[in-house]
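Undergrad: Below: one structure in structure tokens.
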Amino acid sequence: MQWYIDVIIWWLVIELIGLIALPVTGYVCSALPDKGYAVSKIMGLLLLTYFSWIITYFGLDYSTFSVFFSLLLITAISLIFYKKFGMDINRHFAIKTELFFTAIFCVFLVIRSFSPDNYWETGEKFMDNAFINSILRSSSFPPTDPWFSGISMNYYYFGYLLVADLIKLTGTLLPIGFNIASAMFFALSASAVFGIGFGLTKKIKFGLVAFIFVLFLGNLVGFMQLLVILFFPAYYGRFYVPNGDLLTRLTTFNQWPSVNIIPGGIFEIPYHVYLVGDLHPDMVSISFQLLILSIILCVLTARTITLFQTIIFGLIAGFFYPLNTWDYPTYIAIIIAAVFLIIKNFKKAILFSGLILILSYILYLPYHLNYQKVHEIKVVASGRTELVNYLLIFGTFIFMIFYFLLNNNQSVRKNWLKWLVILTVLTPIAFIFGFQLFVLLVPLVILSYSKMVEEKIPEKQFIYLLVLMGTLLSLFVEMFYLKDNMDKLGYFRFNTIFKLYLQIWIMWGIAASYIFYELVNKKIIYVTCILLIMASIYPIFVTISQPSGFNVAPSLDGERTIEKEHPHDYQAIEWLRNTTGMPVVLQAAGFSYTWNSYVSIFTGLPTVLGWEWHEYQWRMNLEEINIRRSDVERAYTSSDYEDIKNIINKYNIRYIYVGPVERDRYKITNVFEEQNEKFKLVFKNHEVKIYEVQ
């Protein structure tokens with residue numbers, strides 16, 4: 001019953017944060033019909049995360065007190081705004097938004113309760129747990145890297161800090177809070193896109209349409225998968241369809257074929273991201289992308305941008321760098337584009353844009369000073385996306401976008417023959433040079449840009465801006481990629497596609513939802529509805545096909561399977577959780593996506609070397625990783641106490657963990673027991689021993 005109480009407390013805290021931030025959000029989004037109510041909770045969480053982080057650099061330890069103090073600061077700021085500007089609330093919309101937010105929150109909590117485990121080894125839940133636990137134990141920032149003792153995290157960690165703040169405010173245990181937070185982020189994004197849909201059309205029902213387009217729809221691969229399940233057994237292997245009766249095949253609908261469409265890349269539909277439930281930066285950032293798009297819609301609607309909105313743009317844009325760095329350049333670009341659309345004076349537009357850029361960096365200066373950039377941008381020479389795969393991902397949106405652009409473009413209709421000749425020439429060239437998307441994206445850039453600069457209706461101009469930015473991002477992915485360690489596996493565009501296609505989906509999903517509103521009374525709507533039905537196959541069937549099959553007792557305890565399958569390790573983890581400070585624990589060096597590094601994962605205590613591949617990705621320092629791996633092995637296998645002592649001193653190790661993984665991997669010597677005056681046995685059960693260095 002405890003987790004029901006945790007859910008209620010969590011919901012109340014989120015509501016309180018949203019209410020506190022409402023005067024600020026209402027002022028920033030004053031031109032929107034909902035006055036920013038739909039994104040007030042997201043704005044409140046951003047301010048809470050920022051203040052709880054920045055005040056640590058002014059000498060206040062990170063703690064429950066510092067988080068409450070940050071909330072008081074936001075309250076004080078909001079009271080000032082309330083007294084000076086008042087607070088205008090669209091009560092009808094506010095009630096509908098709250099009902100929608102709460103309903104989505106509860107529905108997704110139910111889905112999570114049937115698949116709550118943080119034990120799923122193919123996702124990033126282990127990493128997410130490690131980072132959140134480390135932050136919860138930290139008293140200062142940047143936090144210690146739990147998988148690289150003695151060194152701070154070289155990763156964007158603000159999403160984890162946000163969850164840690166809520167854990168401290170609510171008093172929830174992380175195994176339960178992890179799943180509540182996952183449902184919360186889906187509900188926050190749903191509420192935000194609901195508000196954008198309402199802001200574009202002034203009709204609440206189209207807020208629901210926007211939610212469906214952005215956060216619920218899948219791509220067209222799901223429909224292909226259904227056809228294979230029903231009619232084409234020869235392709236069962238391609239879509240991981242098990243042999244069995246029809247009901248079995250339908251209720252084991254595999255979620256990965258719709259994700260692994262592009263060779264060497266991965267594309268995660270927003271609904272897939274939330275269904276998997278990793279509290280990873282890509283998931284957390286969706287809500288904040290929708291926040292900044294809401295404010296852009298506001299300033300375009302008002303046809304003006306205030307100094308305070310400029311400051312807020314700098315604050316939110318800069319927030320992306322430590323939240324999900326991939327989003328930073330994209331949203332800086334779209335903000336600056338909006339500034340130039342609003343401010344016709346070139347010098348003034350440059351001034352405002354420069355101020356936003358400077359603020360986005362200066363406000364997060366402590367993070368930038370500690371973050372080491374290890375990746376570089378490279379040119380794509382081959383292996384670009386094939387047109388058919390791109391259309392399988394974005395085909396529903398592209399059909400609607402092209403129809404909208406062409407139907408509203410008299411110039412193209414008058415000069416259709418010239419366009420036909422251009423496409424006829426471009427198509428073979430694009431295919432010959434392995435740049436198939438060129439023939440699709442270049443016309444899309446020209447059409448969307450020309451319509452954007454000449455459009456007078458703010459809502460339509462916003463849509464053209466989203467279409468243009470999504471197209472430019474698509475072109476970028478075809479021309480450049482960020483070099484990381486996935487390159488060594490042959491997946492050189494893996495993360496570039498993964499991160500940027502998610503941004504494109506959000507922008508084009510919003511655009512398509514508005515276009516649907518425009519097409520409701522046109523005959524083309526019937527074709528659109530067919531595509532929408534096809535795109536709905538994936539979310540419906542993957543929800544039904546949850547790993548548990550909805551055949552288990554519901555729970556939000558993310559560690560129940562760990563406690564059941566690794567009871568002795570779990571007992572040791574519980575013991576270590578009660579230690580104070582950040583003592584270093586020696587355990588076996590970790591292999592990614594396996595039952596490794598679990599002490600650091602579930603306690604937040606740093607270890608000498610955790611998941612090696614992840615650390616290499618964040619640091620690109622293979623030499624240091626090899627040294628640490630060798631040192632860990634020597635510490636377990638050496639019979640020379642002085643050698644072990646040197647390693648202990650080098651990494652300031654306090655506890656030595658000897659469990660099943662360590663015994664399986666290393667031929668552990670008896671030094672720890674023989675030198676009992678140097679190594680005190682402080683914990684023991686049937687499979688685990690923990691020694692404390694004296």
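Chain labels follow the order of the structure tokens: the first chain is A, the next B, and so on; residue numbering restarts at 1 in every chain, and ligands are counted from 1 in their shown order.
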Near segment 55-62 of chain A, counting only C-alpha atoms, which residues have an atom at most 12 Å away, once you skip same-chain residues fewer than 5 positions from it, shown as number ranges by chain?
TA: A: 47-50, 67-71, 73, 134-143, 161, 164-165, 168, 364-367
Undergrad: Since we have the selection now, will you write its residues out, keeping N, CA and C atoms, as a PDB file, in the first residue's frame?
TA:
```pdb
ATOM      1  N   LEU A  47      13.178  25.464 -13.095  1.00  0.00           N
ATOM      2  CA  LEU A  47      13.683  26.433 -12.127  1.00  0.00           C
ATOM      3  C   LEU A  47      14.188  25.735 -10.868  1.00  0.00           C
ATOM      4  N   LEU A  48      13.461  24.717 -10.423  1.00  0.00           N
ATOM      5  CA  LEU A  48      13.880  23.975  -9.230  1.00  0.00           C
ATOM      6  C   LEU A  48      15.230  23.306  -9.455  1.00  0.00           C
ATOM      7  N   THR A  49      15.387  22.660 -10.607  1.00  0.00           N
ATOM      8  CA  THR A  49      16.640  21.974 -10.922  1.00  0.00           C
ATOM      9  C   THR A  49      17.789  22.967 -11.019  1.00  0.00           C
ATOM     10  N   TYR A  50      17.524  24.084 -11.683  1.00  0.00           N
ATOM     11  CA  TYR A  50      18.590  25.081 -11.847  1.00  0.00           C
ATOM     12  C   TYR A  50      19.032  25.648 -10.497  1.00  0.00           C
ATOM     13  N   VAL A  67      17.115  21.730  -1.556  1.00  0.00           N
ATOM     14  CA  VAL A  67      16.030  21.602  -2.537  1.00  0.00           C
ATOM     15  C   VAL A  67      14.806  22.382  -2.068  1.00  0.00           C
ATOM     16  N   PHE A  68      14.462  22.269  -0.783  1.00  0.00           N
ATOM     17  CA  PHE A  68      13.347  23.052  -0.235  1.00  0.00           C
ATOM     18  C   PHE A  68      13.653  24.547  -0.300  1.00  0.00           C
ATOM     19  N   PHE A  69      14.902  24.901  -0.039  1.00  0.00           N
ATOM     20  CA  PHE A  69      15.306  26.306  -0.127  1.00  0.00           C
ATOM     21  C   PHE A  69      15.134  26.820  -1.559  1.00  0.00           C
ATOM     22  N   SER A  70      15.482  25.983  -2.544  1.00  0.00           N
ATOM     23  CA  SER A  70      15.299  26.356  -3.957  1.00  0.00           C
ATOM     24  C   SER A  70      13.833  26.587  -4.268  1.00  0.00           C
ATOM     25  N   LEU A  71      12.973  25.740  -3.721  1.00  0.00           N
ATOM     26  CA  LEU A  71      11.533  25.901  -3.934  1.00  0.00           C
ATOM     27  C   LEU A  71      11.041  27.211  -3.314  1.00  0.00           C
ATOM     28  N   LEU A  73      12.872  29.918  -3.020  1.00  0.00           N
ATOM     29  CA  LEU A  73      13.353  30.975  -3.912  1.00  0.00           C
ATOM     30  C   LEU A  73      12.396  31.183  -5.086  1.00  0.00           C
ATOM     31  N   SER A 134      24.019   8.268  -7.198  1.00  0.00           N
ATOM     32  CA  SER A 134      25.229   9.025  -6.910  1.00  0.00           C
ATOM     33  C   SER A 134      24.902  10.468  -6.547  1.00  0.00           C
ATOM     34  N   ILE A 135      23.991  11.082  -7.289  1.00  0.00           N
ATOM     35  CA  ILE A 135      23.588  12.459  -6.995  1.00  0.00           C
ATOM     36  C   ILE A 135      22.910  12.547  -5.632  1.00  0.00           C
ATOM     37  N   LEU A 136      22.082  11.564  -5.305  1.00  0.00           N
ATOM     38  CA  LEU A 136      21.400  11.560  -4.008  1.00  0.00           C
ATOM     39  C   LEU A 136      22.389  11.504  -2.847  1.00  0.00           C
ATOM     40  N   ARG A 137      23.551  10.880  -3.074  1.00  0.00           N
ATOM     41  CA  ARG A 137      24.573  10.794  -2.024  1.00  0.00           C
ATOM     42  C   ARG A 137      25.532  11.974  -2.053  1.00  0.00           C
ATOM     43  N   SER A 138      25.512  12.753  -3.122  1.00  0.00           N
ATOM     44  CA  SER A 138      26.465  13.854  -3.279  1.00  0.00           C
ATOM     45  C   SER A 138      26.061  15.049  -2.420  1.00  0.00           C
ATOM     46  N   SER A 139      27.043  15.825  -2.024  1.00  0.00           N
ATOM     47  CA  SER A 139      26.789  17.074  -1.315  1.00  0.00           C
ATOM     48  C   SER A 139      27.226  18.280  -2.134  1.00  0.00           C
ATOM     49  N   SER A 140      27.906  18.022  -3.256  1.00  0.00           N
ATOM     50  CA  SER A 140      28.375  19.111  -4.107  1.00  0.00           C
ATOM     51  C   SER A 140      28.306  18.670  -5.564  1.00  0.00           C
ATOM     52  N   PHE A 141      28.494  19.639  -6.468  1.00  0.00           N
ATOM     53  CA  PHE A 141      28.471  19.355  -7.897  1.00  0.00           C
ATOM     54  C   PHE A 141      29.763  19.860  -8.536  1.00  0.00           C
ATOM     55  N   PRO A 142      30.223  19.218  -9.619  1.00  0.00           N
ATOM     56  CA  PRO A 142      29.587  18.090 -10.313  1.00  0.00           C
ATOM     57  C   PRO A 142      29.630  16.817  -9.480  1.00  0.00           C
ATOM     58  N   PRO A 143      28.650  15.928  -9.650  1.00  0.00           N
ATOM     59  CA  PRO A 143      28.613  14.704  -8.861  1.00  0.00           C
ATOM     60  C   PRO A 143      29.748  13.757  -9.238  1.00  0.00           C
ATOM     61  N   LEU A 161      19.459  14.939 -11.887  1.00  0.00           N
ATOM     62  CA  LEU A 161      19.334  15.873 -10.775  1.00  0.00           C
ATOM     63  C   LEU A 161      17.869  16.226 -10.543  1.00  0.00           C
ATOM     64  N   ALA A 164      16.351  13.438  -8.709  1.00  0.00           N
ATOM     65  CA  ALA A 164      16.882  13.433  -7.335  1.00  0.00           C
ATOM     66  C   ALA A 164      16.203  14.508  -6.493  1.00  0.00           C
ATOM     67  N   ASP A 165      15.970  15.689  -7.079  1.00  0.00           N
ATOM     68  CA  ASP A 165      15.265  16.753  -6.363  1.00  0.00           C
ATOM     69  C   ASP A 165      13.880  16.292  -5.910  1.00  0.00           C
ATOM     70  N   LYS A 168      14.004  13.838  -3.062  1.00  0.00           N
ATOM     71  CA  LYS A 168      14.239  14.508  -1.785  1.00  0.00           C
ATOM     72  C   LYS A 168      12.991  15.250  -1.299  1.00  0.00           C
ATOM     73  N   TYR A 364      25.253  28.707 -17.076  1.00  0.00           N
ATOM     74  CA  TYR A 364      25.664  27.327 -16.773  1.00  0.00           C
ATOM     75  C   TYR A 364      27.180  27.194 -16.801  1.00  0.00           C
ATOM     76  N   LEU A 365      27.862  28.294 -16.513  1.00  0.00           N
ATOM     77  CA  LEU A 365      29.325  28.319 -16.598  1.00  0.00           C
ATOM     78  C   LEU A 365      29.994  27.245 -15.734  1.00  0.00           C
ATOM     79  N   PRO A 366      29.559  27.007 -14.488  1.00  0.00           N
ATOM     80  CA  PRO A 366      30.215  25.954 -13.686  1.00  0.00           C
ATOM     81  C   PRO A 366      30.176  24.585 -14.361  1.00  0.00           C
ATOM     82  N   TYR A 367      29.081  24.300 -15.061  1.00  0.00           N
ATOM     83  CA  TYR A 367      28.994  23.015 -15.773  1.00  0.00           C
ATOM     84  C   TYR A 367      30.013  22.978 -16.910  1.00  0.00           C
TER      85      TYR A 367
END
```
Undergrad: Quick one: residues within 6 Å of segment 379-391 of chain A, only C-alpha atoms, excluding same-chain residues fewer than 5 positions away - as a PyMOL selection string?
TA: chain A and resi 436-437+478-480
Undergrad: Create the file for the chosen residues now, containing C-alpha atoms and written as a PDB file, in the first residue's frame.
TA:
```pdb
ATOM      1  CA  GLN A 436      18.527   9.520 -51.716  1.00  0.00           C
ATOM      2  CA  LEU A 437      16.901  11.963 -49.278  1.00  0.00           C
ATOM      3  CA  GLU A 478      22.765  12.894 -43.955  1.00  0.00           C
ATOM      4  CA  MET A 479      25.865  15.083 -44.155  1.00  0.00           C
ATOM      5  CA  PHE A 480      27.431  14.972 -40.680  1.00  0.00           C
TER       6      PHE A 480
END
```
Undergrad: Using only C-alpha atoms, which protein or nucleic acid residues come within 10 Å of Ser448 of chain A? Drop anything in the same chain fewer than 6 positions from it, and give the result as an MDAnalysis selection string.
TA: chainID A and resid 401:402 404:406 409 461 463:469 471
Undergrad: Emit the selected residues as an mmCIF file, in the first residue's frame, including N, CA and C atoms.
TA:
```
data_model
loop_
_atom_site.group_PDB
_atom_site.id
_atom_site.type_symbol
_atom_site.label_atom_id
_atom_site.label_comp_id
_atom_site.auth_asym_id
_atom_site.auth_seq_id
_atom_site.Cartn_x
_atom_site.Cartn_y
_atom_site.Cartn_z
ATOM 1 N N ILE A 401 2.521 17.047 -44.668
ATOM 2 C CA ILE A 401 3.292 18.281 -44.808
ATOM 3 C C ILE A 401 3.385 18.703 -46.273
ATOM 4 N N PHE A 402 3.691 17.760 -47.157
ATOM 5 C CA PHE A 402 3.803 18.102 -48.578
ATOM 6 C C PHE A 402 2.462 18.569 -49.139
ATOM 7 N N PHE A 404 0.093 20.012 -47.537
ATOM 8 C CA PHE A 404 -0.167 21.335 -46.964
ATOM 9 C C PHE A 404 0.654 22.407 -47.669
ATOM 10 N N LEU A 405 1.938 22.128 -47.909
ATOM 11 C CA LEU A 405 2.806 23.109 -48.561
ATOM 12 C C LEU A 405 2.402 23.357 -50.009
ATOM 13 N N LEU A 406 2.070 22.293 -50.718
ATOM 14 C CA LEU A 406 1.718 22.435 -52.134
ATOM 15 C C LEU A 406 0.332 23.032 -52.311
ATOM 16 N N ASN A 409 0.453 26.824 -51.984
ATOM 17 C CA ASN A 409 1.542 27.488 -52.697
ATOM 18 C C ASN A 409 1.150 27.698 -54.160
ATOM 19 N N GLN A 461 2.919 30.343 -39.462
ATOM 20 C CA GLN A 461 4.354 30.627 -39.535
ATOM 21 C C GLN A 461 5.128 29.710 -38.586
ATOM 22 N N ILE A 463 4.223 26.708 -37.751
ATOM 23 C CA ILE A 463 4.225 25.377 -38.382
ATOM 24 C C ILE A 463 5.287 25.301 -39.465
ATOM 25 N N TYR A 464 5.374 26.330 -40.309
ATOM 26 C CA TYR A 464 6.398 26.335 -41.356
ATOM 27 C C TYR A 464 7.802 26.327 -40.752
ATOM 28 N N LEU A 465 7.975 27.019 -39.636
ATOM 29 C CA LEU A 465 9.268 27.024 -38.954
ATOM 30 C C LEU A 465 9.626 25.624 -38.470
ATOM 31 N N LEU A 466 8.664 24.914 -37.893
ATOM 32 C CA LEU A 466 8.911 23.548 -37.423
ATOM 33 C C LEU A 466 9.243 22.612 -38.580
ATOM 34 N N VAL A 467 8.526 22.761 -39.674
ATOM 35 C CA VAL A 467 8.795 21.926 -40.853
ATOM 36 C C VAL A 467 10.204 22.193 -41.376
ATOM 37 N N LEU A 468 10.563 23.470 -41.468
ATOM 38 C CA LEU A 468 11.896 23.840 -41.966
ATOM 39 C C LEU A 468 12.993 23.293 -41.059
ATOM 40 N N MET A 469 12.849 23.459 -39.749
ATOM 41 C CA MET A 469 13.887 22.992 -38.827
ATOM 42 C C MET A 469 14.009 21.473 -38.869
ATOM 43 N N THR A 471 13.409 19.585 -41.403
ATOM 44 C CA THR A 471 14.045 19.242 -42.680
ATOM 45 C C THR A 471 15.541 19.511 -42.642
#
```
Undergrad: Would you list the contacts of Lys667 of chain A as a list in words, taking every protein, DNA or RNA residue within 10 Å and counting only C-alpha atoms, but skipping same-chain residues closer than 2 positions in sequence?
TA: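 Within the cut-off, the hits are Glu633, Tyr636, Thr637, Ser638, Glu662, Arg663, Asp664, Arg665, Thr669 and Asn670 of chain A.
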Undergrad: Please dump the current selection as a CSV table (one decimal), in the first residue's frame; keep C-alpha atoms.
TA:
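Output contents, as saved in out-v2.csv:
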```csv
chain,number,residue,atom,x,y,z
A,633,GLU,CA,42.2,-7.5,-11.5
A,636,TYR,CA,41.6,-9.4,-6.5
A,637,THR,CA,44.3,-11.8,-7.7
A,638,SER,CA,47.6,-10.6,-6.3
A,662,GLU,CA,34.1,-11.4,-8.6
A,663,ARG,CA,34.6,-15.1,-7.9
A,664,ASP,CA,33.5,-16.1,-11.4
A,665,ARG,CA,35.9,-13.7,-13.1
A,669,THR,CA,43.5,-15.0,-3.2
A,670,ASN,CA,43.2,-15.4,0.5
```
Undergrad: Please provide as a PyMOL selection string all residues within 9 Å of Thr170 of chain A, with the sequence filter that same-chain residues fewer than 5 positions apart are discarded (counting only C-alpha atoms).
TA: chain A and resi 6+9-10+13+165+177
Undergrad: Between A:Gly604, A:Leu351, A:Ala338, A:Lys378, single out the one closest to Val453 of chain A, counting only C-alpha atoms.
TA: A:Ala338
Undergrad: What's around Pro233 of chain A at 12 Å? Count only C-alpha atoms, leave out sequence neighbours fewer than 5 positions away in its own chain, and write the answer as a list in words.
TA: Gln225, Leu226, Leu227, Val228, Arg238, Phe239, Tyr240, Val241, Pro242, Asn243, Gly244, Asp245, Leu246 and Arg249 of chain A
Undergrad: Measuring atom to atom with only C-alpha atoms, identify which of A:Tyr274, A:Leu556, A:Gln617, A:Lys373 is nearest to Ile5 of chain A.
TA: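 Nearest to Ile5 of chain A: A:Leu556.
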Undergrad: Extract, using only C-alpha atoms, all DNA, RNA and protein residues at most 7 Å from segment 495-512 of chain A, discarding same-chain residues fewer than 5 positions from it, and format them as a PyMOL selection string.
TA: chain A and resi 210+213-214+265-269+326+397+400-401+463+466-467+470+473+477+481-482
Undergrad: Based on the backbone DSSP call, show me all residues of segment 610-688 of chain A assigned helix (DSSP H, G or I), as a ChimeraX atom specification.
TA: /A:612-619,622-637,641-651,660-665,671-674
